[in-house]
Amino acid sequence: MKYIQAEYSGPLNGQVHIPGAKNSSLALLAAACLADDIVTLEGIPRIDDIRVIAGIGQDIGMGMKREGGTIVVDPRWIHSAVIDPGKASSYRASYYFAGALLSKFGRVTIGFPGGDDFVSRPIDQHMKAFQALGAQVRFFKEHYVVEAAELHGADIYFDTVTSGATMNAMLAAVRAKGRTRLYNAAVDPEVVDTATFLNRLGARIYGAGTDRIRIEGVPYLNGGTHAVIPDRLIAGAFLMAAGLQGGQVTVMDAIPEHLGALLAKMEEIGMTVECGEGRITAYGTGAPKATRIRTGMYPGFATDLQQPMTALLLQAKGKSIVTERVFPKRFAHVPQLRRLGADIEIRKESAMIRGGLPLQGGWVHATDVRAGTCLLLAGLAAEGSTCITGVEHIERGYEDVIGSFRSIGAKLSMREMDAQSLPERYRLQGS
């Protein structure tokens, strides 16, 4: 069993290059299925979810070849739209294959999405979009089937803002006949990135980045080249690391405009932020101020950043409140932080944090990638050694978590041990 050992590291200083966005990459690789020629995607990170997609691609006949930081996708020989349920259930964004393959094959069979589970993320808005375009959806025990003899443009009103369903609806509508209009659409950078990529291939998508998107269906898509945007969530985690003990961290290849809510909150707690062309530098004082966080859909404070922010607020004297409005149950990291001495109380959808107390190293378990980031940051600020299990979750989002954090002075190492050697009370996930 692998685990990460984190040691108290003091102020973190240095610079780190930010990889391509995971959430964009997963949509872009599925979107490449829509093309009728070879597609080149630059900046796709080397993470476990991408390796699962490579396996799915091999099963259905989609060629994928990595050349350094570039992946060349050949969708011309795709012969199947049946996605292995086991592979589909190993990561959340598998549902994009439904939208991408539906217009080409008329029928897609796919397992239910897996990955991080914040009390079963619903996919009802995805199904609503498919049905509006003329598809039938049937659910079975371990998979579902989306089927349509022909897709026709439609007006789709999302009941809630959802980036995943917005992107999936775009994928399905790109080759549908006629005009599709999406209302209450998500405005995330990853939505814009996916639309930009599809437009490069010949799609006609207008308004991405606003809450109304119009898609004029086209009969085919060309090949092309596209560079994925940098991962704003990873960039945010490294910037917050500067505030733990008063360090200075520069993230390279980042887009400041994608992190507006976080940067404003960092300045509110006393950090200094300097933005340049493709780079952001954060300066910590070592004494952050307590504050209140309320998550929301982009451009609000990202739910994926509230867990790492919790680790930073443990260093702030006073009472901070983190309210989770996107996934109200996203607090699996809190019992783990308590093992390190954190004083946090959960009240409904809010975490009440009493910061400024010393943390002491111990054994903790990551249940998802952002929770893992939170525990890693807390471990770097805790006295002694902190050992983090559930490494597979962290590796779903980070290309080289050890090397990246070491580049800013973090004392981290990857270790191996027999699971039976782990103290019994720590063997159960999330115990």
# chains A, B, ... in the order shown; residues from 1 in each chain; ligands from 1
$ closest_atom_pairs --of "region 216-259 of chain A" --to "region 190-211 of chain A" --cutoff "7 Å" --atoms "only C-alpha atoms" --output "Markdown table"
| residue | atom | partner | partner_atom | distance |
| --- | --- | --- | --- | --- |
| A:Glu216 | CA | A:Arg204 | CA | 5.3 |
| A:Gly217 | CA | A:Arg204 | CA | 6.9 |
| A:Val218 | CA | A:Ala203 | CA | 6.4 |
| A:Leu221 | CA | A:Leu201 | CA | 5.3 |
| A:Asn222 | CA | A:Leu201 | CA | 4.8 |
| A:Gly223 | CA | A:Leu201 | CA | 5.7 |
| A:Gly224 | CA | A:Leu201 | CA | 5.8 |
| A:His226 | CA | A:Phe197 | CA | 6.1 |
| A:Ile229 | CA | A:Asp193 | CA | 6.8 |
$ select_by_dssp --residues "region 151-211 of chain A" --states "strand (DSSP E)" --output "MDAnalysis selection string"
chainID A and resid 155:157 179:183 204:206
$ residues_around --residues "Ile47 (chain A)" --least-positions-apart "6" --cutoff "7 Å" --atoms "only C-alpha atoms" --output "PDB file with N, CA and C atoms, in the first residue's frame"
ATOM      1  N   GLU A 395      -3.603  10.858  -6.971  1.00  0.00           N
ATOM      2  CA  GLU A 395      -2.987  10.655  -8.281  1.00  0.00           C
ATOM      3  C   GLU A 395      -3.987  10.781  -9.418  1.00  0.00           C
ATOM      4  N   ARG A 396      -5.277  10.823  -9.105  1.00  0.00           N
ATOM      5  CA  ARG A 396      -6.275  11.075 -10.142  1.00  0.00           C
ATOM      6  C   ARG A 396      -6.190  12.513 -10.627  1.00  0.00           C
ATOM      7  N   GLY A 397      -5.628  13.397  -9.814  1.00  0.00           N
ATOM      8  CA  GLY A 397      -5.593  14.804 -10.194  1.00  0.00           C
ATOM      9  C   GLY A 397      -4.213  15.389 -10.404  1.00  0.00           C
ATOM     10  N   TYR A 398      -3.183  14.740  -9.851  1.00  0.00           N
ATOM     11  CA  TYR A 398      -1.825  15.280  -9.927  1.00  0.00           C
ATOM     12  C   TYR A 398      -0.925  14.389 -10.770  1.00  0.00           C
ATOM     13  N   GLU A 399      -0.195  15.011 -11.665  1.00  0.00           N
ATOM     14  CA  GLU A 399       0.734  14.287 -12.518  1.00  0.00           C
ATOM     15  C   GLU A 399       1.927  13.784 -11.722  1.00  0.00           C
TER      16      GLU A 399
END
$ residues_around --residues "Ala135 (chain A)" --least-positions-apart "5" --cutoff "12 Å" --atoms "only C-alpha atoms" --output "PyMOL selection string"
chain A and resi 98-99+102-103+106-108+126-130+145-154+169+172-173+176
$ residues_around --residues "Ile156 (chain A)" --least-positions-apart "4" --cutoff "9 Å" --atoms "only C-alpha atoms" --output "number ranges by chain"
A: 128-129, 132-133, 169, 180-184
$ write_last_selection --atoms "C-alpha atoms" --output "JSON list (two decimals), in the first residue's frame"
[["chain", "number", "residue", "atom", "x", "y", "z"],
["A", 128, "LYS", "CA", -32.74, 15.82, -19.64],
["A", 129, "ALA", "CA", -30.52, 17.30, -22.37],
["A", 132, "ALA", "CA", -34.71, 17.11, -25.32],
["A", 133, "LEU", "CA", -32.56, 16.37, -28.37],
["A", 169, "ALA", "CA", -25.24, 18.87, -24.08],
["A", 180, "THR", "CA", -29.85, 24.05, -29.97],
["A", 181, "ARG", "CA", -30.02, 26.71, -27.28],
["A", 182, "LEU", "CA", -28.84, 26.08, -23.72],
["A", 183, "TYR", "CA", -30.30, 28.26, -20.97],
["A", 184, "ASN", "CA", -28.86, 28.58, -17.44]]
$ select_by_dssp --residues "region 169-396 of chain A" --states "helix (DSSP H, G or I)" --output "count of residues only"
75
$ atom_distance --atom1 "CA of Thr373 (chain A)" --atom2 "CA of Ala30 (chain A)"
26.6 Å
$ residues_around --residues "region 244-260 of chain A" --least-positions-apart "6" --cutoff "8 Å" --atoms "only C-alpha atoms" --output "CSV table (one decimal) with N, CA and C atoms, in the first residue's frame"
chain,number,residue,atom,x,y,z
A,10,GLY,N,7.8,24.4,7.3
A,10,GLY,CA,8.1,25.8,7.4
A,10,GLY,C,7.6,26.6,6.2
A,11,PRO,N,8.1,27.8,6.0
A,11,PRO,CA,7.6,28.6,4.8
A,11,PRO,C,8.0,27.9,3.5
A,12,LEU,N,7.0,27.8,2.6
A,12,LEU,CA,7.2,27.2,1.3
A,12,LEU,C,7.5,28.3,0.3
A,13,ASN,N,8.6,28.1,-0.5
A,13,ASN,CA,9.1,29.1,-1.4
A,13,ASN,C,9.5,28.4,-2.7
A,14,GLY,N,9.2,29.0,-3.8
A,14,GLY,CA,9.6,28.5,-5.1
A,14,GLY,C,8.6,28.7,-6.2
A,15,GLN,N,8.8,28.1,-7.3
A,15,GLN,CA,7.8,28.2,-8.4
A,15,GLN,C,7.5,26.8,-8.9
A,16,VAL,N,6.3,26.7,-9.5
A,16,VAL,CA,5.9,25.4,-10.0
A,16,VAL,C,5.1,25.6,-11.3
A,17,HIS,N,5.3,24.8,-12.3
A,17,HIS,CA,4.5,24.9,-13.5
A,17,HIS,C,3.2,24.1,-13.4
A,18,ILE,N,2.1,24.7,-13.9
A,18,ILE,CA,0.8,24.1,-13.7
A,18,ILE,C,0.5,23.3,-15.0
A,19,PRO,N,0.0,22.1,-14.8
A,19,PRO,CA,-0.3,21.2,-16.0
A,19,PRO,C,-1.6,21.6,-16.6
A,189,PRO,N,-14.5,28.1,-17.1
A,189,PRO,CA,-13.4,28.1,-18.2
A,189,PRO,C,-13.3,26.8,-18.9
A,230,PRO,N,-4.7,25.7,-18.5
A,230,PRO,CA,-4.0,25.2,-17.3
A,230,PRO,C,-5.0,24.9,-16.2
A,231,ASP,N,-4.7,24.1,-15.3
A,231,ASP,CA,-5.6,23.6,-14.2
A,231,ASP,C,-5.7,24.7,-13.1
A,232,ARG,N,-6.8,25.4,-13.1
A,232,ARG,CA,-6.9,26.5,-12.1
A,232,ARG,C,-7.0,25.9,-10.7
A,235,ALA,N,-3.5,25.1,-9.5
A,235,ALA,CA,-2.8,26.4,-9.3
A,235,ALA,C,-3.3,27.0,-8.0
A,236,GLY,N,-4.6,27.0,-7.7
A,236,GLY,CA,-5.1,27.5,-6.5
A,236,GLY,C,-4.5,26.9,-5.2
A,238,PHE,N,-1.5,25.4,-4.9
A,238,PHE,CA,-0.2,25.9,-4.7
A,238,PHE,C,-0.1,27.3,-4.1
A,275,CYS,N,-0.1,39.4,-10.1
A,275,CYS,CA,-0.4,38.7,-11.3
A,275,CYS,C,0.4,39.2,-12.5
A,277,GLU,N,1.8,38.0,-16.8
A,277,GLU,CA,1.3,37.3,-18.0
A,277,GLU,C,1.6,35.8,-17.8
A,278,GLY,N,0.6,35.0,-17.6
A,278,GLY,CA,0.7,33.6,-17.4
A,278,GLY,C,1.4,33.2,-16.1
A,279,ARG,N,1.3,34.0,-15.1
A,279,ARG,CA,2.0,33.6,-13.8
A,279,ARG,C,1.3,34.4,-12.7
A,280,ILE,N,1.3,33.8,-11.5
A,280,ILE,CA,0.7,34.4,-10.3
A,280,ILE,C,1.7,34.1,-9.2
A,281,THR,N,2.0,35.1,-8.4
A,281,THR,CA,2.8,34.9,-7.2
A,281,THR,C,2.0,35.3,-5.9
A,282,ALA,N,2.0,34.4,-5.0
A,282,ALA,CA,1.3,34.6,-3.7
A,282,ALA,C,2.4,34.8,-2.6
A,283,TYR,N,2.2,35.7,-1.7
A,283,TYR,CA,3.0,36.0,-0.5
A,283,TYR,C,2.2,35.8,0.7
A,284,GLY,N,2.7,34.9,1.6
A,284,GLY,CA,2.0,34.7,2.9
A,284,GLY,C,2.7,35.5,4.0
A,285,THR,N,1.9,35.9,5.0
A,285,THR,CA,2.5,36.6,6.2
A,285,THR,C,2.8,35.6,7.3
A,286,GLY,N,2.3,34.4,7.2
A,286,GLY,CA,2.4,33.5,8.3
A,286,GLY,C,1.4,33.6,9.4
A,287,ALA,N,0.5,34.6,9.2
A,287,ALA,CA,-0.6,34.9,10.2
A,287,ALA,C,-1.9,35.2,9.4
A,299,PRO,N,-18.5,32.1,-11.6
A,299,PRO,CA,-17.3,32.6,-11.1
A,299,PRO,C,-17.2,32.7,-9.6
A,312,LEU,N,-5.7,25.9,5.1
A,312,LEU,CA,-5.1,27.2,5.3
A,312,LEU,C,-5.7,27.9,6.5
A,315,GLN,N,-4.7,27.7,10.1
A,315,GLN,CA,-3.6,28.5,10.6
A,315,GLN,C,-4.1,29.9,11.0
A,377,LEU,N,-1.6,19.7,2.7
A,377,LEU,CA,-1.2,21.0,3.2
A,377,LEU,C,-1.2,21.0,4.7
A,381,ALA,N,2.1,21.7,7.6
A,381,ALA,CA,2.1,22.6,8.7
A,381,ALA,C,2.0,22.0,10.1
A,408,ILE,N,8.6,23.5,-4.3
A,408,ILE,CA,8.4,24.8,-3.5
A,408,ILE,C,8.9,24.5,-2.1
$ atom_distance --atom1 "CA of Asp124 (chain A)" --atom2 "CA of Gly164 (chain A)"
11.0 Å
$ residues_around --residues "Thr291 (chain A)" --least-positions-apart "3" --cutoff "9 Å" --atoms "only C-alpha atoms" --output "PDB file with C-alpha atoms, in the first residue's frame"
ATOM      1  CA  LYS A 265     -10.289  35.754  -0.696  1.00  0.00           C
ATOM      2  CA  GLU A 268      -8.939  39.244   2.341  1.00  0.00           C
ATOM      3  CA  ILE A 269      -7.115  36.939   4.769  1.00  0.00           C
ATOM      4  CA  LEU A 313      -7.776  28.536   7.641  1.00  0.00           C
ATOM      5  CA  ALA A 316      -5.843  31.591  11.053  1.00  0.00           C
ATOM      6  CA  GLY A 318     -10.193  32.992  15.351  1.00  0.00           C
ATOM      7  CA  LYS A 319     -13.325  31.474  13.888  1.00  0.00           C
ATOM      8  CA  SER A 320     -13.712  30.816  10.173  1.00  0.00           C
ATOM      9  CA  ILE A 321     -16.828  29.447   8.520  1.00  0.00           C
ATOM     10  CA  VAL A 322     -16.827  27.445   5.289  1.00  0.00           C
TER      11      VAL A 322
END
